[in-house]
$ cat start-v3.cif   # mmCIF, C-alpha atoms
data_entry
#
loop_
_atom_site.label_atom_id
_atom_site.label_comp_id
_atom_site.auth_asym_id
_atom_site.auth_seq_id
_atom_site.Cartn_x
_atom_site.Cartn_y
_atom_site.Cartn_z
CA MET S 1 14.74 34.70 15.25
CA LEU S 2 18.27 33.33 15.14
CA GLU S 3 17.99 30.53 17.70
CA PRO S 4 18.67 26.99 16.42
CA PHE S 5 15.99 24.65 15.10
CA ALA S 6 15.80 20.89 15.55
CA VAL S 7 15.98 19.08 12.23
CA LYS S 8 15.02 15.41 12.24
CA PRO S 9 16.40 12.82 9.85
CA ILE S 10 13.54 11.24 7.91
CA GLY S 11 15.74 8.48 6.55
CA VAL S 12 19.25 7.35 5.76
CA VAL S 13 21.42 6.72 2.69
CA ARG S 14 22.63 3.18 1.98
CA SER S 15 25.57 3.15 -0.42
CA SER S 16 28.56 1.04 -1.34
CA VAL S 17 30.70 4.13 -0.69
CA LYS S 18 31.50 4.10 3.02
CA GLU S 19 33.61 7.25 3.33
CA PRO S 20 34.49 10.40 1.37
CA PRO S 21 35.52 11.26 -1.23
CA MET S 22 32.71 10.11 -3.46
CA GLY S 23 34.93 10.39 -6.53
CA GLY S 24 32.64 11.85 -9.17
CA ARG S 25 30.44 8.79 -9.44
CA GLU S 26 27.50 10.21 -11.37
CA GLY S 27 26.46 6.69 -12.32
CA LEU S 28 26.47 5.36 -8.75
CA GLU S 29 23.22 3.81 -7.57
CA SER S 30 22.30 3.99 -3.93
CA THR S 31 19.17 3.71 -1.83
CA ILE S 32 17.38 5.95 0.60
CA VAL S 33 15.61 4.12 3.40
CA VAL S 34 12.86 6.33 4.78
CA GLN S 35 11.55 5.85 8.31
CA ASP S 36 8.43 3.67 8.38
CA ARG S 37 6.36 6.48 9.85
CA TRP S 38 7.05 8.63 6.76
CA ALA S 39 6.73 5.91 4.11
CA ASP S 40 3.26 7.08 3.03
CA ALA S 41 4.59 10.59 2.55
CA LEU S 42 6.45 9.23 -0.50
CA ASP S 43 3.17 8.54 -2.35
CA GLY S 44 3.34 10.14 -5.77
CA LEU S 45 7.06 10.86 -5.71
CA ASP S 46 7.65 8.20 -8.36
CA GLY S 47 5.67 10.34 -10.79
CA PHE S 48 8.86 12.38 -11.13
CA SER S 49 12.00 11.31 -12.97
CA HIS S 50 14.28 13.40 -10.75
CA ILE S 51 14.15 14.54 -7.14
CA PHE S 52 16.13 16.75 -4.80
CA VAL S 53 17.71 14.98 -1.86
CA ILE S 54 18.58 17.24 1.07
CA TYR S 55 20.91 15.57 3.53
CA TRP S 56 23.19 16.20 6.51
CA MET S 57 26.91 15.87 5.79
CA HIS S 58 27.60 14.42 9.19
CA VAL S 59 31.31 13.63 8.83
CA VAL S 60 32.67 17.18 9.23
CA SER S 61 33.25 18.17 12.85
CA GLU S 62 31.24 20.98 14.34
CA GLU S 63 34.43 22.72 15.45
CA ARG S 64 35.72 22.88 11.88
CA ARG S 65 32.36 24.09 10.61
CA GLU S 66 32.19 26.81 13.25
CA THR S 67 35.64 28.21 12.56
CA THR S 68 35.99 27.99 8.77
CA THR S 69 34.87 30.90 6.57
CA HIS S 70 37.02 30.22 3.47
CA VAL S 71 38.08 27.10 1.58
CA HIS S 72 39.86 26.21 -1.62
CA PRO S 73 37.00 24.98 -3.85
CA ARG S 74 37.07 21.24 -4.37
CA GLY S 75 39.95 20.99 -1.91
CA ASP S 76 42.31 22.06 -4.69
CA PRO S 77 44.90 24.68 -3.61
CA ARG S 78 45.12 25.87 -7.23
CA ASN S 79 41.60 27.24 -6.82
CA PRO S 80 41.61 30.65 -5.09
CA LEU S 81 40.16 30.79 -1.57
CA GLN S 82 36.42 31.41 -1.57
CA GLY S 83 33.86 32.00 1.13
CA VAL S 84 32.26 28.70 2.05
CA PHE S 85 28.84 29.89 0.79
CA ALA S 86 30.41 30.39 -2.67
CA THR S 87 31.29 26.68 -2.77
CA ARG S 88 29.58 23.33 -2.37
CA SER S 89 32.05 22.28 0.33
CA PRO S 90 30.68 20.16 3.20
CA VAL S 91 32.55 22.55 5.51
CA ARG S 92 29.85 25.19 6.14
CA PRO S 93 27.88 26.40 9.16
CA ASN S 94 25.04 23.94 8.53
CA PRO S 95 26.38 20.90 6.65
CA ILE S 96 23.30 20.64 4.46
CA GLY S 97 23.93 18.74 1.23
CA LEU S 98 21.78 19.10 -1.86
CA ARG S 99 21.73 16.92 -4.94
CA VAL S 100 19.45 16.26 -7.86
CA VAL S 101 19.23 12.53 -8.48
CA ALA S 102 17.39 10.26 -10.88
CA LEU S 103 14.64 8.35 -9.09
CA LEU S 104 14.79 4.81 -10.44
CA GLU S 105 12.24 3.07 -8.23
CA ARG S 106 10.16 3.47 -5.10
CA ARG S 107 9.22 0.37 -3.21
CA GLY S 108 7.40 1.07 0.05
CA ASN S 109 9.77 3.12 2.18
CA VAL S 110 12.84 2.56 -0.03
CA LEU S 111 13.95 4.71 -2.95
CA ARG S 112 16.55 3.57 -5.45
CA VAL S 113 18.38 6.55 -6.95
CA ARG S 114 21.28 7.32 -9.27
CA GLY S 115 23.81 10.09 -8.78
CA LEU S 116 23.52 10.74 -5.05
CA ASP S 117 26.70 12.34 -3.74
CA ALA S 118 26.37 11.06 -0.17
CA ILE S 119 28.15 8.26 1.66
CA ASP S 120 26.59 5.30 3.43
CA GLY S 121 24.90 6.31 6.67
CA THR S 122 24.21 9.91 5.65
CA PRO S 123 21.05 11.21 7.35
CA VAL S 124 18.40 12.47 4.92
CA LEU S 125 16.39 15.55 5.90
CA ASP S 126 14.01 16.13 3.01
CA LEU S 127 12.98 14.98 -0.46
CA LYS S 128 11.36 17.20 -3.09
CA PRO S 129 10.21 16.71 -6.68
CA TYR S 130 12.45 18.36 -9.26
CA LEU S 131 10.57 20.88 -11.38
CA PHE S 132 12.64 22.23 -14.25
CA TYR S 133 10.56 25.40 -14.61
CA TYR S 134 11.58 26.37 -11.06
CA ASP S 135 14.86 24.55 -10.62
CA GLY S 136 16.53 24.72 -14.02
CA VAL S 137 18.27 27.95 -14.97
CA ALA S 138 20.05 27.32 -18.24
CA GLU S 139 21.19 30.93 -18.60
CA SER S 140 23.01 30.92 -15.26
CA THR S 141 26.69 31.83 -15.18
CA VAL S 142 29.42 30.76 -12.79
CA ALA S 143 32.75 31.92 -11.37
CA ASP S 144 35.92 31.03 -13.29
CA TRP S 145 36.96 28.18 -10.97
CA ALA S 146 33.57 26.52 -11.39
CA HIS S 147 33.32 26.24 -15.18
CA LYS S 148 33.68 22.50 -15.16
CA PRO S 149 32.30 19.77 -12.90
CA ALA S 150 34.66 18.54 -10.21
CA GLU S 151 36.72 15.49 -11.06
CA ASP S 152 36.34 14.22 -7.54
CA SER S 153 33.33 15.38 -5.63
CA TRP S 154 31.60 15.14 -2.31
CA GLU S 155 29.38 18.19 -2.38
CA SER S 156 32.08 19.76 -4.48
CA MET G 1 21.72 7.91 13.53
CA LEU G 2 18.20 9.28 13.58
CA GLU G 3 18.48 11.72 16.48
CA PRO G 4 17.77 15.40 15.67
CA PHE G 5 20.46 17.89 14.67
CA ALA G 6 20.64 21.56 15.60
CA VAL G 7 20.46 23.76 12.53
CA LYS G 8 21.43 27.41 13.02
CA PRO G 9 20.05 30.28 10.99
CA ILE G 10 22.91 32.10 9.27
CA GLY G 11 20.71 35.02 8.28
CA VAL G 12 17.19 36.25 7.65
CA VAL G 13 15.03 37.28 4.68
CA ARG G 14 13.82 40.86 4.43
CA SER G 15 10.89 41.22 2.04
CA SER G 16 7.89 43.44 1.40
CA VAL G 17 5.74 40.28 1.66
CA LYS G 18 4.95 39.82 5.34
CA GLU G 19 2.83 36.65 5.25
CA PRO G 20 1.96 33.80 2.88
CA PRO G 21 0.91 33.25 0.20
CA MET G 22 3.70 34.72 -1.87
CA GLY G 23 1.49 34.87 -4.94
CA GLY G 24 3.76 33.73 -7.78
CA ARG G 25 5.99 36.78 -7.62
CA GLU G 26 8.91 35.63 -9.70
CA GLY G 27 9.98 39.23 -10.20
CA LEU G 28 9.98 40.08 -6.50
CA GLU G 29 13.22 41.47 -5.13
CA SER G 30 14.16 40.83 -1.54
CA THR G 31 17.27 40.84 0.58
CA ILE G 32 19.07 38.29 2.70
CA VAL G 33 20.83 39.74 5.71
CA VAL G 34 23.59 37.38 6.79
CA GLN G 35 24.90 37.41 10.37
CA ASP G 36 28.00 39.54 10.72
CA ARG G 37 30.08 36.57 11.82
CA TRP G 38 29.38 34.83 8.47
CA ALA G 39 29.72 37.88 6.19
CA ASP G 40 33.19 36.87 4.96
CA ALA G 41 31.85 33.43 4.04
CA LEU G 42 29.99 35.19 1.18
CA ASP G 43 33.28 36.10 -0.56
CA GLY G 44 33.10 34.98 -4.16
CA LEU G 45 29.38 34.24 -4.19
CA ASP G 46 28.78 37.22 -6.48
CA GLY G 47 30.78 35.42 -9.16
CA PHE G 48 27.57 33.44 -9.76
CA SER G 49 24.44 34.75 -11.45
CA HIS G 50 22.17 32.39 -9.51
CA ILE G 51 22.29 30.78 -6.08
CA PHE G 52 20.31 28.29 -4.05
CA VAL G 53 18.73 29.67 -0.89
CA ILE G 54 17.87 27.05 1.71
CA TYR G 55 15.53 28.38 4.36
CA TRP G 56 13.25 27.37 7.23
CA MET G 57 9.53 27.80 6.56
CA HIS G 58 8.83 28.81 10.12
CA VAL G 59 5.12 29.63 9.85
CA VAL G 60 3.76 26.05 9.79
CA SER G 61 3.17 24.62 13.27
CA GLU G 62 5.20 21.63 14.38
CA GLU G 63 1.99 19.75 15.26
CA ARG G 64 0.71 20.06 11.70
CA ARG G 65 4.06 19.02 10.28
CA GLU G 66 4.26 15.98 12.54
CA THR G 67 0.79 14.68 11.69
CA THR G 68 0.45 15.39 7.95
CA THR G 69 1.57 12.79 5.40
CA HIS G 70 -0.57 13.85 2.40
CA VAL G 71 -1.64 17.20 0.94
CA HIS G 72 -3.42 18.49 -2.12
CA PRO G 73 -0.57 20.00 -4.16
CA ARG G 74 -0.65 23.80 -4.20
CA GLY G 75 -3.53 23.70 -1.73
CA ASP G 76 -5.88 23.01 -4.63
CA PRO G 77 -8.47 20.27 -3.89
CA ARG G 78 -8.69 19.57 -7.64
CA ASN G 79 -5.17 18.15 -7.40
CA PRO G 80 -5.18 14.55 -6.13
CA LEU G 81 -3.72 13.94 -2.66
CA GLN G 82 0.02 13.34 -2.76
CA GLY G 83 2.57 12.40 -0.14
CA VAL G 84 4.19 15.56 1.20
CA PHE G 85 7.60 14.55 -0.21
CA ALA G 86 6.03 14.48 -3.69
CA THR G 87 5.15 18.18 -3.33
CA ARG G 88 6.86 21.46 -2.49
CA SER G 89 4.38 22.16 0.31
CA PRO G 90 5.75 23.89 3.42
CA VAL G 91 3.90 21.21 5.41
CA ARG G 92 6.60 18.52 5.70
CA PRO G 93 8.56 16.93 8.56
CA ASN G 94 11.39 19.43 8.24
CA PRO G 95 10.08 22.70 6.78
CA ILE G 96 13.14 23.24 4.63
CA GLY G 97 12.52 25.53 1.68
CA LEU G 98 14.66 25.58 -1.45
CA ARG G 99 14.71 28.14 -4.20
CA VAL G 100 17.00 29.17 -7.02
CA VAL G 101 17.22 32.96 -7.15
CA ALA G 102 19.05 35.52 -9.24
CA LEU G 103 21.81 37.17 -7.22
CA LEU G 104 21.66 40.86 -8.10
CA GLU G 105 24.21 42.29 -5.68
CA ARG G 106 26.30 41.49 -2.66
CA ARG G 107 27.23 44.33 -0.35
CA GLY G 108 29.05 43.22 2.81
CA ASN G 109 26.68 40.89 4.64
CA VAL G 110 23.63 41.76 2.51
CA LEU G 111 22.51 39.99 -0.67
CA ARG G 112 19.91 41.44 -2.98
CA VAL G 113 18.08 38.68 -4.86
CA ARG G 114 15.17 38.22 -7.26
CA GLY G 115 12.63 35.41 -7.12
CA LEU G 116 12.93 34.29 -3.51
CA ASP G 117 9.73 32.56 -2.42
CA ALA G 118 10.08 33.35 1.29
CA ILE G 119 8.31 35.88 3.46
CA ASP G 120 9.86 38.58 5.58
CA GLY G 121 11.55 37.16 8.67
CA THR G 122 12.24 33.72 7.20
CA PRO G 123 15.40 32.20 8.72
CA VAL G 124 18.06 31.28 6.14
CA LEU G 125 20.06 28.09 6.72
CA ASP G 126 22.43 27.91 3.77
CA LEU G 127 23.47 29.48 0.48
CA LYS G 128 25.08 27.62 -2.42
CA PRO G 129 26.24 28.57 -5.90
CA TYR G 130 23.99 27.27 -8.69
CA LEU G 131 25.88 25.05 -11.12
CA PHE G 132 23.79 24.09 -14.13
CA TYR G 133 25.87 21.00 -14.90
CA TYR G 134 24.86 19.57 -11.51
CA ASP G 135 21.58 21.31 -10.83
CA GLY G 136 19.90 21.59 -14.23
CA VAL G 137 18.18 18.49 -15.58
CA ALA G 138 16.40 19.54 -18.75
CA GLU G 139 15.26 16.01 -19.56
CA SER G 140 13.43 15.58 -16.25
CA THR G 141 9.75 14.67 -16.30
CA VAL G 142 7.01 15.42 -13.77
CA ALA G 143 3.68 14.09 -12.52
CA ASP G 144 0.51 15.23 -14.30
CA TRP G 145 -0.53 17.74 -11.64
CA ALA G 146 2.87 19.45 -11.85
CA HIS G 147 3.10 20.21 -15.56
CA LYS G 148 2.74 23.94 -15.06
CA PRO G 149 4.13 26.34 -12.47
CA ALA G 150 1.75 27.22 -9.65
CA GLU G 151 -0.28 30.38 -10.09
CA ASP G 152 0.09 31.18 -6.45
CA SER G 153 3.10 29.77 -4.70
CA TRP G 154 4.85 29.59 -1.39
CA GLU G 155 7.03 26.55 -1.85
CA SER G 156 4.32 25.22 -4.10
#

$ encode --input "start-v3.cif" --output "structure tokens"
Amino acid sequence: MLEPFAVKPIGVVRSSVKEPPMGGREGLESTIVVQDRWADALDGLDGFSHIFVIYWMHVVSEERRETTTHVHPRGDPRNPLQGVFATRSPVRPNPIGLRVVALLERRGNVLRVRGLDAIDGTPVLDLKPYLFYYDGVAESTVADWAHKPAEDSWES
Amino acid sequence: MLEPFAVKPIGVVRSSVKEPPMGGREGLESTIVVQDRWADALDGLDGFSHIFVIYWMHVVSEERRETTTHVHPRGDPRNPLQGVFATRSPVRPNPIGLRVVALLERRGNVLRVRGLDAIDGTPVLDLKPYLFYYDGVAESTVADWAHKPAEDSWES
């Protein structure tokens, strides 16, 4: 049950930001170029104002991911060390990134989005419609270090 | 850039539900048993009331995933065919499941959660804290077929 699986990029991020950090650019527009063979699988996605993008944070080395269990959240030593699963750090066993973005336009196999926290060249693994009745939990509470959004984020 | 990556389960779901469909069991409690080597990476996660669970919907055959671009949402033929990325169907190129759950308790390498839409034995790939200021988009809008939650869901 615990053997690895093969996950296949279905597309790639194109962004003006070429390397981390992203720098808290909520307003940043970028595009997702989906492989031609999966273009039709986007049909209907533009019926949704927001989508989840699931991507592979490919910059972090496997060695670092395999040996790191704790990090200072947001790379800030003033934040107490936390287990990597308690953070949104890219340093984690599987460097899977997750972000809700505004879907501005779909044209064929290309999506234009706003708010994607992923650098140019990032492989995209999956796209899902955002459904507030499943995905929005207004009454959720967070740890002390996480009360405010990061000032400078790349899966922060 | 588009070669496959190896994604490693970091744990497994233990649930009273042994096969799909899950049947809209928002109140269902289940557990996530994390591998011993990653137990410490959970430190601090219980500071959050809700977490994202990212899992591998292992029941769908690779052949079906590779050849399906459109599905009737929620398996209901009354819903018009949509591209798989416009749905939460488990039939998608990478069968990555995503759910926000309530974290009830962490004890060592075991998490007790409520609302996880994954059957017993499902491999878990990642866990992330839920941060409403990133992950909650109250003003989001959806396609007509998706106005209400599914009555019977397994990544619906």

$ resolve_selection --input "start-v3.cif" --expression "the PyMOL selection byres ((chain G and resi 14-17) around 6)" --output "list of chain:residue names"
G:Val13, G:Lys18, G:Glu19, G:Ser30, G:Thr31, G:Ile119, G:Asp120

$ residues_near_point --input "start-v3.cif" --point "(3.0, 21.2, -13.9)" --cutoff "12 Å" --atoms "all atoms listed in the file" --output "list of chain:residue names"
S:Gly47, S:Phe48, S:Pro129, S:Tyr130, S:Leu131, S:Phe132, S:Tyr133, S:Tyr134, G:Pro73, G:Arg74, G:Asn79, G:Thr87, G:Thr141, G:Val142, G:Ala143, G:Asp144, G:Trp145, G:Ala146, G:His147, G:Lys148, G:Pro149, G:Ala150, G:Glu151, G:Ser156

$ atom_distance --input "start-v3.cif" --atom1 "CA of Ile32 (chain G)" --atom2 "CA of Ala86 (chain S)"
14.8 Å

$ atom_distance --input "start-v3.cif" --atom1 "CA of His58 (chain G)" --atom2 "CA of Lys8 (chain G)"
13.0 Å

$ resolve_selection --input "start-v3.cif" --expression "the PyMOL selection byres ((chain S and resi 52-55) around 10)" --output "PyMOL selection string"
(chain S and resi 9-13+32+50-51+56-58+95-103+113+116-118+122-131+135) or (chain G and resi 54+85+96+98+135)

$ atom_distance --input "start-v3.cif" --atom1 "CA of Glu29 (chain G)" --atom2 "CA of Gly115 (chain G)"
6.4 Å

$ closest_residue --input "start-v3.cif" --among "G:Leu111, G:Leu81, G:Val33, G:Leu45" --to "chain S" --atoms "only C-alpha atoms"
G:Leu45

$ closest_residue --input "start-v3.cif" --among "G:Pro90, G:Gly27, G:Gly44, G:Gly136" --to "Arg65 (chain G)" --atoms "only C-alpha atoms"
G:Pro90

$ closest_residue --input "start-v3.cif" --among "G:Val71, G:Leu42, G:Leu104, G:Val60" --to "Val84 (chain S)" --atoms "all atoms listed in the file"
G:Leu42

$ closest_residue --input "start-v3.cif" --among "S:Arg106, S:Arg114, S:Arg88, S:Arg25" --to "chain G" --atoms "all atoms listed in the file"
S:Arg88

$ resolve_selection --input "start-v3.cif" --expression "the PyMOL selection byres ((chain S and resi 108) around 9)" --output "list of chain:residue names"
S:Val34, S:Asp36, S:Ala39, S:Asp40, S:Leu42, S:Asp43, S:Arg106, S:Arg107, S:Asn109, S:Val110, S:Leu111

$ write_last_selection --input "start-v3.cif" --atoms "C-alpha atoms" --output "JSON list (two decimals), in the coordinates of the input"
[["chain", "number", "residue", "atom", "x", "y", "z"],
["S", 34, "VAL", "CA", 12.86, 6.33, 4.78],
["S", 36, "ASP", "CA", 8.43, 3.67, 8.38],
["S", 39, "ALA", "CA", 6.73, 5.91, 4.11],
["S", 40, "ASP", "CA", 3.26, 7.08, 3.03],
["S", 42, "LEU", "CA", 6.45, 9.23, -0.50],
["S", 43, "ASP", "CA", 3.17, 8.54, -2.35],
["S", 106, "ARG", "CA", 10.16, 3.47, -5.10],
["S", 107, "ARG", "CA", 9.22, 0.37, -3.21],
["S", 109, "ASN", "CA", 9.77, 3.12, 2.18],
["S", 110, "VAL", "CA", 12.84, 2.56, -0.03],
["S", 111, "LEU", "CA", 13.95, 4.71, -2.95]]

$ closest_residue --input "start-v3.cif" --among "G:Ser49, G:Ser61, G:Gln35, G:Thr67" --to "chain S" --atoms "all atoms listed in the file"
G:Ser49

$ closest_residue --input "start-v3.cif" --among "G:Ser140, G:Asp46, G:Val91, G:Glu63" --to "Gly75 (chain G)" --atoms "all atoms listed in the file"
G:Val91

$ axis_aligned_box --input "start-v3.cif" --around "region 78-95 of chain S" --padding-each-side "6 Å" --output "AutoDock Vina command-line options"
--center_x 35.1 --center_y 26.1 --center_z 1.0 --size_x 32.1 --size_y 23.8 --size_z 28.4
